[in-house]
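Structure data (compact mmCIF, C-alpha atoms) from protein.txt:
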```
# COMPACT_ATOMS: atom_id res chain seq x y z
CA MET A 5 -32.66 -15.27 50.74
CA ALA A 6 -32.03 -11.93 52.45
CA ALA A 7 -28.63 -11.64 50.80
CA ARG A 8 -30.19 -12.29 47.40
CA LEU A 9 -32.71 -9.56 48.03
CA ILE A 10 -29.99 -7.08 49.00
CA LEU A 11 -27.97 -7.96 45.91
CA ARG A 12 -30.97 -7.51 43.62
CA ARG A 13 -31.79 -4.17 45.25
CA SER A 14 -28.26 -2.89 44.99
CA LEU A 15 -28.01 -3.95 41.35
CA ARG A 16 -31.21 -2.07 40.55
CA SER A 17 -30.14 0.98 42.52
CA LYS A 18 -29.47 4.13 40.47
CA LYS A 19 -27.29 5.70 43.16
CA GLY A 20 -23.78 6.56 41.99
CA SER A 21 -24.56 5.82 38.34
CA ALA A 22 -23.34 9.30 37.37
CA ALA A 23 -20.02 8.65 39.10
CA VAL A 24 -19.58 5.32 37.31
CA GLU A 25 -20.40 6.94 33.94
CA PHE A 26 -17.95 9.73 34.70
CA ILE A 27 -15.17 7.25 35.48
CA PHE A 28 -15.76 5.29 32.25
CA THR A 29 -15.97 8.46 30.13
CA THR A 30 -12.83 9.91 31.69
CA ALA A 31 -10.92 6.65 31.19
CA MET A 32 -11.94 6.57 27.53
CA LEU A 33 -10.99 10.20 27.00
CA ILE A 34 -7.62 9.73 28.68
CA LEU A 35 -7.01 6.71 26.42
CA ILE A 36 -7.89 8.73 23.30
CA PHE A 37 -5.65 11.56 24.51
CA ALA A 38 -2.73 9.19 25.11
CA VAL A 39 -3.17 7.56 21.67
CA LEU A 40 -3.19 10.96 19.98
CA VAL A 41 -0.09 12.16 21.83
CA SER A 42 1.70 8.92 20.88
CA ALA A 43 0.60 9.37 17.25
CA LEU A 44 2.00 12.90 17.26
CA VAL A 45 5.33 11.69 18.63
CA TYR A 46 5.42 8.87 16.05
CA VAL A 47 4.71 11.28 13.18
CA THR A 48 7.50 13.64 14.28
CA GLN A 49 9.89 10.69 14.66
CA PHE A 50 8.96 9.50 11.17
CA TYR A 51 9.67 12.91 9.65
CA SER A 52 12.92 13.10 11.57
CA ALA A 53 13.94 9.72 10.08
CA SER A 54 12.83 10.88 6.65
CA TYR A 55 15.00 14.00 6.99
CA ILE A 56 18.01 11.84 7.92
CA ALA A 57 17.38 9.60 4.88
CA ARG A 58 17.20 12.64 2.56
CA ARG A 59 20.47 14.06 3.92
CA VAL A 60 22.14 10.64 3.51
CA VAL A 61 20.95 10.44 -0.12
CA ARG A 62 22.17 13.98 -0.80
CA THR A 63 25.59 13.26 0.74
CA ILE A 64 26.06 10.14 -1.40
CA GLU A 65 24.92 12.08 -4.49
CA VAL A 66 27.42 14.88 -3.93
CA ASP A 67 30.32 12.58 -2.92
CA GLY A 68 29.53 10.02 -5.62
CA LYS A 69 30.45 7.22 -3.22
CA TYR A 70 29.09 5.37 -0.24
CA ASP A 71 31.28 5.62 2.84
CA GLU A 72 29.50 3.54 5.48
CA GLN A 73 31.28 5.06 8.47
CA ALA A 74 30.80 8.66 7.31
CA ILE A 75 27.12 8.00 6.63
CA ARG A 76 26.67 6.46 10.07
CA SER A 77 28.25 9.42 11.83
CA LEU A 78 26.22 11.82 9.67
CA ALA A 79 23.00 10.03 10.68
CA ASP A 80 24.00 10.05 14.35
CA GLY A 81 24.84 13.74 14.13
CA LEU A 82 21.42 14.49 12.69
CA GLY A 83 19.65 12.86 15.62
CA GLY A 84 19.80 9.23 14.57
CA THR A 85 20.78 8.22 18.11
CA ALA A 86 17.26 9.13 19.23
CA LEU A 87 15.85 6.46 16.90
CA GLU A 88 15.94 2.87 18.10
CA ASP A 89 17.54 0.10 16.02
CA LEU A 90 18.48 2.51 13.25
CA THR A 91 19.95 0.76 10.21
CA ILE A 92 20.90 2.30 6.90
CA THR A 93 21.63 0.21 3.82
CA VAL A 94 22.40 1.31 0.29
CA ASP A 95 21.55 -0.55 -2.93
CA ALA A 96 23.68 0.59 -5.84
CA GLN A 97 25.61 -0.55 -8.85
CA TYR A 98 29.15 0.34 -7.91
CA LEU A 99 31.76 1.36 -10.46
CA SER A 100 34.75 0.37 -8.33
CA GLY A 101 34.93 0.00 -4.57
CA ARG A 102 31.99 2.06 -3.30
CA ARG A 103 32.04 4.60 -6.14
CA ILE A 104 28.86 5.30 -8.08
CA GLN A 105 29.16 6.67 -11.61
CA LEU A 106 27.50 9.93 -12.69
CA ARG A 107 23.68 9.64 -13.04
CA ASN A 108 23.63 6.04 -11.81
CA GLU A 109 20.74 5.41 -9.47
CA PHE A 110 21.02 4.13 -5.91
CA THR A 111 18.49 3.54 -3.13
CA VAL A 112 18.91 4.26 0.56
CA HIS A 113 16.83 2.10 2.92
CA LEU A 114 16.40 3.40 6.45
CA THR A 115 14.72 1.28 9.08
CA ALA A 116 14.12 2.12 12.71
CA VAL A 117 11.65 1.42 15.47
CA HIS A 118 9.52 3.77 17.51
CA ARG A 119 8.82 2.12 20.84
CA ILE A 120 5.78 3.07 22.92
CA ASN A 121 6.09 1.78 26.47
CA ILE A 122 2.70 0.93 27.91
CA MET A 123 3.63 -0.37 31.35
CA MET A 124 6.35 -2.11 33.34
CA MET A 125 5.77 -5.67 34.54
CA GLN A 126 8.49 -6.26 37.13
CA SER A 127 11.62 -5.64 35.07
CA THR A 128 10.05 -6.26 31.64
CA ALA A 129 8.46 -3.43 29.72
CA VAL A 130 5.25 -4.05 27.82
CA SER A 131 5.58 -2.01 24.69
CA ILE A 132 4.37 -1.58 21.12
CA ASN A 133 6.98 -1.31 18.40
CA LEU A 134 5.97 0.84 15.47
CA PRO A 135 8.20 0.39 12.42
CA ILE A 136 9.75 3.27 10.49
CA ASN A 137 10.71 2.19 6.96
CA ILE A 138 11.92 4.74 4.43
CA SER A 139 13.34 4.10 0.96
CA LEU A 140 14.68 7.01 -1.08
CA SER A 141 16.44 7.05 -4.41
CA GLY A 142 19.19 9.32 -5.65
CA ARG A 143 21.66 9.66 -8.49
CA SER A 144 25.38 10.25 -8.33
CA GLU A 145 26.58 13.71 -9.36
CA VAL A 146 30.22 12.74 -9.76
CA TYR A 147 31.82 11.70 -13.01
CA TRP A 148 34.50 9.14 -12.15
CA LYS A 149 37.12 9.19 -14.92
CA MET B 23 -32.89 26.01 26.09
CA ARG B 24 -31.53 28.99 28.05
CA GLU B 25 -31.33 26.80 31.13
CA LEU B 26 -29.47 24.15 29.19
CA LEU B 27 -26.94 26.70 27.90
CA ARG B 28 -26.38 28.08 31.41
CA SER B 29 -25.95 24.64 32.94
CA ARG B 30 -22.46 23.86 34.20
CA LYS B 31 -22.99 20.12 34.14
CA GLY B 32 -20.65 18.18 31.87
CA SER B 33 -18.32 21.13 31.26
CA ALA B 34 -15.28 18.95 32.03
CA SER B 35 -16.22 16.41 29.36
CA ILE B 36 -16.79 19.14 26.77
CA LEU B 37 -13.41 20.68 27.64
CA PHE B 38 -11.79 17.29 27.24
CA PHE B 39 -13.45 16.71 23.86
CA GLY B 40 -12.26 20.16 22.80
CA LEU B 41 -8.70 19.24 23.80
CA VAL B 42 -8.89 15.93 21.92
CA PHE B 43 -10.19 17.75 18.84
CA LEU B 44 -7.34 20.29 19.07
CA LEU B 45 -4.81 17.51 19.40
CA LEU B 46 -6.31 15.72 16.40
CA LEU B 47 -6.04 18.94 14.42
CA LEU B 48 -2.43 19.32 15.54
CA VAL B 49 -1.60 15.76 14.37
CA PHE B 50 -3.25 16.44 11.00
CA LEU B 51 -1.46 19.77 10.53
CA THR B 52 1.88 18.24 11.55
CA ILE B 53 1.45 15.47 8.96
CA GLU B 54 0.49 17.93 6.23
CA MET B 55 3.27 20.39 7.09
CA GLY B 56 5.83 17.58 7.11
CA SER B 57 4.55 16.34 3.77
CA THR B 58 4.72 19.83 2.21
CA TYR B 59 8.25 20.30 3.51
CA GLU B 60 9.22 16.90 2.06
CA ASN B 61 7.75 17.88 -1.33
CA TYR B 62 9.71 21.13 -1.33
CA ASP B 63 12.90 19.38 -0.30
CA TYR B 64 12.45 16.68 -2.95
CA CYS B 65 11.97 19.27 -5.73
CA MET B 66 14.99 21.29 -4.63
CA ASP B 67 17.13 18.14 -4.47
CA VAL B 68 16.10 17.07 -7.98
CA LEU B 69 16.70 20.55 -9.41
CA GLN B 70 20.06 21.00 -7.73
CA ARG B 71 21.15 17.50 -8.75
CA SER B 72 20.10 18.07 -12.36
CA CYS B 73 21.98 21.36 -12.45
CA ASN B 74 25.15 19.85 -10.91
CA SER B 75 24.99 16.79 -13.17
CA ALA B 76 24.41 18.85 -16.32
CA VAL B 77 27.52 20.94 -15.60
CA GLU B 78 29.60 17.91 -14.65
CA ALA B 79 28.57 15.94 -17.74
CA ASN B 80 29.30 18.75 -20.20
CA ILE B 81 32.86 19.75 -19.30
CA ILE B 82 34.82 19.32 -22.53
CA ASP B 83 37.62 16.81 -21.87
CA ALA B 84 39.83 18.10 -24.72
CA TYR B 85 40.56 21.29 -22.76
CA ARG B 86 41.05 19.54 -19.46
CA ALA B 87 44.53 18.28 -20.43
CA ASP B 88 45.66 21.90 -20.72
CA ARG B 89 44.18 22.60 -17.28
CA LEU B 90 41.35 24.60 -18.77
CA LEU B 91 37.74 24.13 -17.83
CA VAL B 92 35.34 24.77 -20.70
CA MET B 93 31.72 23.68 -20.79
CA ASP B 94 29.42 22.92 -23.69
CA THR B 95 26.66 25.37 -22.68
CA ALA B 96 24.03 24.17 -25.19
CA GLY B 97 24.60 20.56 -24.13
CA ALA B 98 24.39 21.52 -20.45
CA GLU B 99 21.06 23.27 -20.93
CA GLU B 100 19.68 20.35 -22.91
CA ASP B 101 20.89 17.89 -20.29
CA PHE B 102 19.35 19.95 -17.49
CA TYR B 103 15.90 19.70 -19.06
CA ARG B 104 16.40 16.00 -19.79
CA PHE B 105 17.49 15.18 -16.24
CA VAL B 106 14.65 17.16 -14.70
CA SER B 107 11.98 15.59 -16.90
CA ASN B 108 13.40 12.13 -16.09
CA ASP B 109 13.62 12.63 -12.33
CA LEU B 110 10.80 14.97 -11.35
CA ILE B 111 7.58 12.98 -10.99
CA ASP B 112 4.33 14.07 -12.61
CA ARG B 113 2.63 15.57 -9.56
CA TYR B 114 4.96 18.58 -9.74
CA SER B 115 4.70 21.12 -12.54
CA LEU B 116 7.84 23.04 -13.36
CA ALA B 117 8.11 26.42 -15.08
CA VAL B 118 11.65 27.53 -15.87
CA ASP B 119 12.05 31.33 -16.09
CA SER B 120 15.70 31.48 -17.13
CA VAL B 121 18.74 29.30 -17.73
CA THR B 122 22.07 31.14 -17.75
CA CYS B 123 25.25 29.26 -18.63
CA THR B 124 28.86 30.36 -18.89
CA ALA B 125 31.41 28.21 -20.72
CA SER B 126 34.44 29.23 -18.65
CA PRO B 127 34.36 28.94 -15.70
CA PRO B 128 31.68 26.30 -16.25
CA SER B 129 28.56 27.45 -14.45
CA MET B 130 24.82 27.26 -14.75
CA THR B 131 22.07 29.21 -12.99
CA VAL B 132 18.43 28.24 -13.33
CA THR B 133 15.47 30.16 -11.95
CA GLY B 134 11.81 29.21 -12.05
CA ARG B 135 8.74 28.03 -10.18
CA VAL B 136 7.46 24.65 -9.02
CA THR B 137 3.78 24.04 -8.30
CA PHE B 138 2.23 21.11 -6.46
CA SER B 139 -1.08 20.44 -4.76
CA THR B 140 -1.69 19.87 -1.07
CA ILE B 141 -4.49 18.00 0.68
CA PHE B 142 -6.37 21.30 0.95
CA ALA B 143 -6.76 21.39 -2.85
CA GLN B 144 -9.88 19.22 -2.51
CA TYR B 145 -11.49 22.03 -0.49
CA GLY B 146 -10.87 24.54 -3.27
CA TRP B 147 -7.56 25.96 -2.04
CA ASP B 148 -4.93 26.98 -4.56
CA ASP B 149 -1.94 24.79 -5.30
CA LEU B 150 1.30 25.63 -3.58
CA THR B 151 3.93 27.43 -5.69
CA PHE B 152 7.50 28.26 -4.73
CA THR B 153 10.24 29.98 -6.65
CA PHE B 154 13.69 28.48 -6.91
CA LYS B 155 17.19 29.43 -7.96
CA VAL B 156 19.78 26.69 -8.38
CA ARG B 157 23.37 27.27 -9.32
CA ALA B 158 26.26 24.93 -10.13
CA THR B 159 29.89 25.82 -10.78
CA ASN B 160 32.73 23.45 -11.53
CA TYR B 161 36.37 24.27 -10.72
CA ASP B 162 37.54 20.67 -10.51
CA LEU B 163 40.66 20.19 -12.66
CA LYS B 164 41.37 16.60 -11.59
```
Please lay out the structure from this file as structure tokens.
Amino acid sequence: MAARLILRRSLRSKKGSAAVEFIFTTAMLILIFAVLVSALVYVTQFYSASYIARRVVRTIEVDGKYDEQAIRSLADGLGGTALEDLTITVDAQYLSGRRIQLRNEFTVHLTAVHRINIMMMQSTAVSINLPINISLSGRSEVYWK
Amino acid sequence: MRELLRSRKGSASILFFGLVFLLLLLVFLTIEMGSTYENYDYCMDVLQRSCNSAVEANIIDAYRADRLLVMDTAGAEEDFYRFVSNDLIDRYSLAVDSVTCTASPPSMTVTGRVTFSTIFAQYGWDDLTFTFKVRATNYDLK
């Protein structure tokens, strides 16, 4: 009976309510802050991937052919190593081998993942994977005779 | 009211909200700046590609056998306009100031302006205009 009375009294007590409110508000604000910082990082990563895709398209346009190894090293050189699971594929109608005829259209698909690590549970990381998918078209500038 | 304005209570929360607002603004400006840069890059790519392709497509093959490079200048100019109108999407408006072609060596120089709107257009801001100069020359005898 006495314990019940103490519990009721302490639940009704207003002491420390400001501190509890402060803790909840601060936690919420920190969460919002973290989400915004992550969003900023994701946006910059997305634009970085978009820049890589544009340079890849331009290279294929100027060369008039798709050289997988050269494109891969170009992407890595432009900072592609910082993107996780980066894959680049090209859809095109080839003339012969990997050559694309003048003015023929091709599409470069770039996919990658931006990983946000939330916490570590023993050796496993709990993370959110945000996809980065970019598709850009180009046209060959080389006339293959 | 004066007392309320002088009160120091809750200053940390207000500071934090201010920081969050600034960060939100930074995210928004980063997105818009990136988008503007992408628009500019896209237009320049299309213009440069059209110029290169117009020169490449109008080299007269009959001269090539004699290791001479001669370009059909009228055809190149026509092709440039055709390629640009095919490739440049409607949200960009293009104004060409000059097209200069030389038959030998085959070259083409185009100057002009491209205008496109940004997200700020809905708040009454002017559209964004940039000037461009693209040039293509072909010395390839193969």
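Across the model, the gap from CA of Asp67 in chain B to CA of Thr52 in chain B is 22.1 Å.
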Could you work out which residues of chain A fall inside 12 Å of chain B? Count all atoms listed in the file, and format the result as a VMD selection string.
chain A and resid 22 to 23 25 to 59 61 to 68 105 to 109 140 to 149
Just to be explicit: take each residue in the selection above, keep C-alpha atoms, and write the result as a PDB file, in the frame of the given file.
```pdb
ATOM      1  CA  ALA A  22     -23.340   9.300  37.370  1.00  0.00           C
ATOM      2  CA  ALA A  23     -20.020   8.650  39.100  1.00  0.00           C
ATOM      3  CA  GLU A  25     -20.400   6.940  33.940  1.00  0.00           C
ATOM      4  CA  PHE A  26     -17.950   9.730  34.700  1.00  0.00           C
ATOM      5  CA  ILE A  27     -15.170   7.250  35.480  1.00  0.00           C
ATOM      6  CA  PHE A  28     -15.760   5.290  32.250  1.00  0.00           C
ATOM      7  CA  THR A  29     -15.970   8.460  30.130  1.00  0.00           C
ATOM      8  CA  THR A  30     -12.830   9.910  31.690  1.00  0.00           C
ATOM      9  CA  ALA A  31     -10.920   6.650  31.190  1.00  0.00           C
ATOM     10  CA  MET A  32     -11.940   6.570  27.530  1.00  0.00           C
ATOM     11  CA  LEU A  33     -10.990  10.200  27.000  1.00  0.00           C
ATOM     12  CA  ILE A  34      -7.620   9.730  28.680  1.00  0.00           C
ATOM     13  CA  LEU A  35      -7.010   6.710  26.420  1.00  0.00           C
ATOM     14  CA  ILE A  36      -7.890   8.730  23.300  1.00  0.00           C
ATOM     15  CA  PHE A  37      -5.650  11.560  24.510  1.00  0.00           C
ATOM     16  CA  ALA A  38      -2.730   9.190  25.110  1.00  0.00           C
ATOM     17  CA  VAL A  39      -3.170   7.560  21.670  1.00  0.00           C
ATOM     18  CA  LEU A  40      -3.190  10.960  19.980  1.00  0.00           C
ATOM     19  CA  VAL A  41      -0.090  12.160  21.830  1.00  0.00           C
ATOM     20  CA  SER A  42       1.700   8.920  20.880  1.00  0.00           C
ATOM     21  CA  ALA A  43       0.600   9.370  17.250  1.00  0.00           C
ATOM     22  CA  LEU A  44       2.000  12.900  17.260  1.00  0.00           C
ATOM     23  CA  VAL A  45       5.330  11.690  18.630  1.00  0.00           C
ATOM     24  CA  TYR A  46       5.420   8.870  16.050  1.00  0.00           C
ATOM     25  CA  VAL A  47       4.710  11.280  13.180  1.00  0.00           C
ATOM     26  CA  THR A  48       7.500  13.640  14.280  1.00  0.00           C
ATOM     27  CA  GLN A  49       9.890  10.690  14.660  1.00  0.00           C
ATOM     28  CA  PHE A  50       8.960   9.500  11.170  1.00  0.00           C
ATOM     29  CA  TYR A  51       9.670  12.910   9.650  1.00  0.00           C
ATOM     30  CA  SER A  52      12.920  13.100  11.570  1.00  0.00           C
ATOM     31  CA  ALA A  53      13.940   9.720  10.080  1.00  0.00           C
ATOM     32  CA  SER A  54      12.830  10.880   6.650  1.00  0.00           C
ATOM     33  CA  TYR A  55      15.000  14.000   6.990  1.00  0.00           C
ATOM     34  CA  ILE A  56      18.010  11.840   7.920  1.00  0.00           C
ATOM     35  CA  ALA A  57      17.380   9.600   4.880  1.00  0.00           C
ATOM     36  CA  ARG A  58      17.200  12.640   2.560  1.00  0.00           C
ATOM     37  CA  ARG A  59      20.470  14.060   3.920  1.00  0.00           C
ATOM     38  CA  VAL A  61      20.950  10.440  -0.120  1.00  0.00           C
ATOM     39  CA  ARG A  62      22.170  13.980  -0.800  1.00  0.00           C
ATOM     40  CA  THR A  63      25.590  13.260   0.740  1.00  0.00           C
ATOM     41  CA  ILE A  64      26.060  10.140  -1.400  1.00  0.00           C
ATOM     42  CA  GLU A  65      24.920  12.080  -4.490  1.00  0.00           C
ATOM     43  CA  VAL A  66      27.420  14.880  -3.930  1.00  0.00           C
ATOM     44  CA  ASP A  67      30.320  12.580  -2.920  1.00  0.00           C
ATOM     45  CA  GLY A  68      29.530  10.020  -5.620  1.00  0.00           C
ATOM     46  CA  GLN A 105      29.160   6.670 -11.610  1.00  0.00           C
ATOM     47  CA  LEU A 106      27.500   9.930 -12.690  1.00  0.00           C
ATOM     48  CA  ARG A 107      23.680   9.640 -13.040  1.00  0.00           C
ATOM     49  CA  ASN A 108      23.630   6.040 -11.810  1.00  0.00           C
ATOM     50  CA  GLU A 109      20.740   5.410  -9.470  1.00  0.00           C
ATOM     51  CA  LEU A 140      14.680   7.010  -1.080  1.00  0.00           C
ATOM     52  CA  SER A 141      16.440   7.050  -4.410  1.00  0.00           C
ATOM     53  CA  GLY A 142      19.190   9.320  -5.650  1.00  0.00           C
ATOM     54  CA  ARG A 143      21.660   9.660  -8.490  1.00  0.00           C
ATOM     55  CA  SER A 144      25.380  10.250  -8.330  1.00  0.00           C
ATOM     56  CA  GLU A 145      26.580  13.710  -9.360  1.00  0.00           C
ATOM     57  CA  VAL A 146      30.220  12.740  -9.760  1.00  0.00           C
ATOM     58  CA  TYR A 147      31.820  11.700 -13.010  1.00  0.00           C
ATOM     59  CA  TRP A 148      34.500   9.140 -12.150  1.00  0.00           C
ATOM     60  CA  LYS A 149      37.120   9.190 -14.920  1.00  0.00           C
TER      61      LYS A 149
END
```
All residues 9 Å or closer to Pro127 in chain B, all atoms listed in the file, same chain fewer than 4 positions away omitted, as a list in words
Leu90, Leu91, Val92, Met93, Thr159, Asn160 and Tyr161 of chain B
For Glu99 in chain B, work out the shell of residues within 8 Å, counting all atoms listed in the file and skipping chain neighbours fewer than 2 positions away, then give it as JSON, numbers by chain.
{"B": [76, 95, 96, 97, 101, 102, 103, 121, 123]}
Hey, what's within 8 Å of Ser139 in chain A if we count all atoms listed in the file and toss same-chain stuff fewer than 4 positions away? As a list in words, please?
Ala57, Thr111, Val112, His113 and Leu114 of chain A
Residues near Asp112 in chain B, cut-off 12 Å, all atoms listed in the file, skip fewer than 4 positions along chain, as JSON, numbers by chain:
{"B": [65, 106, 107, 108, 116, 136, 137, 138, 139]}
CA of Asn137 in chain A to CA of Arg119 in chain A: how many Å, to one decimal?
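For CA of Asn137 in chain A relative to CA of Arg119 in chain A, the distance reads 14.0 Å.
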Return the single residue from B:Thr131, B:Ile141, B:Met66, B:Ala125 that is closest to Thr153 in chain B, with distances computed using only C-alpha atoms.
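Smallest distance to Thr153 in chain B is found for B:Met66.
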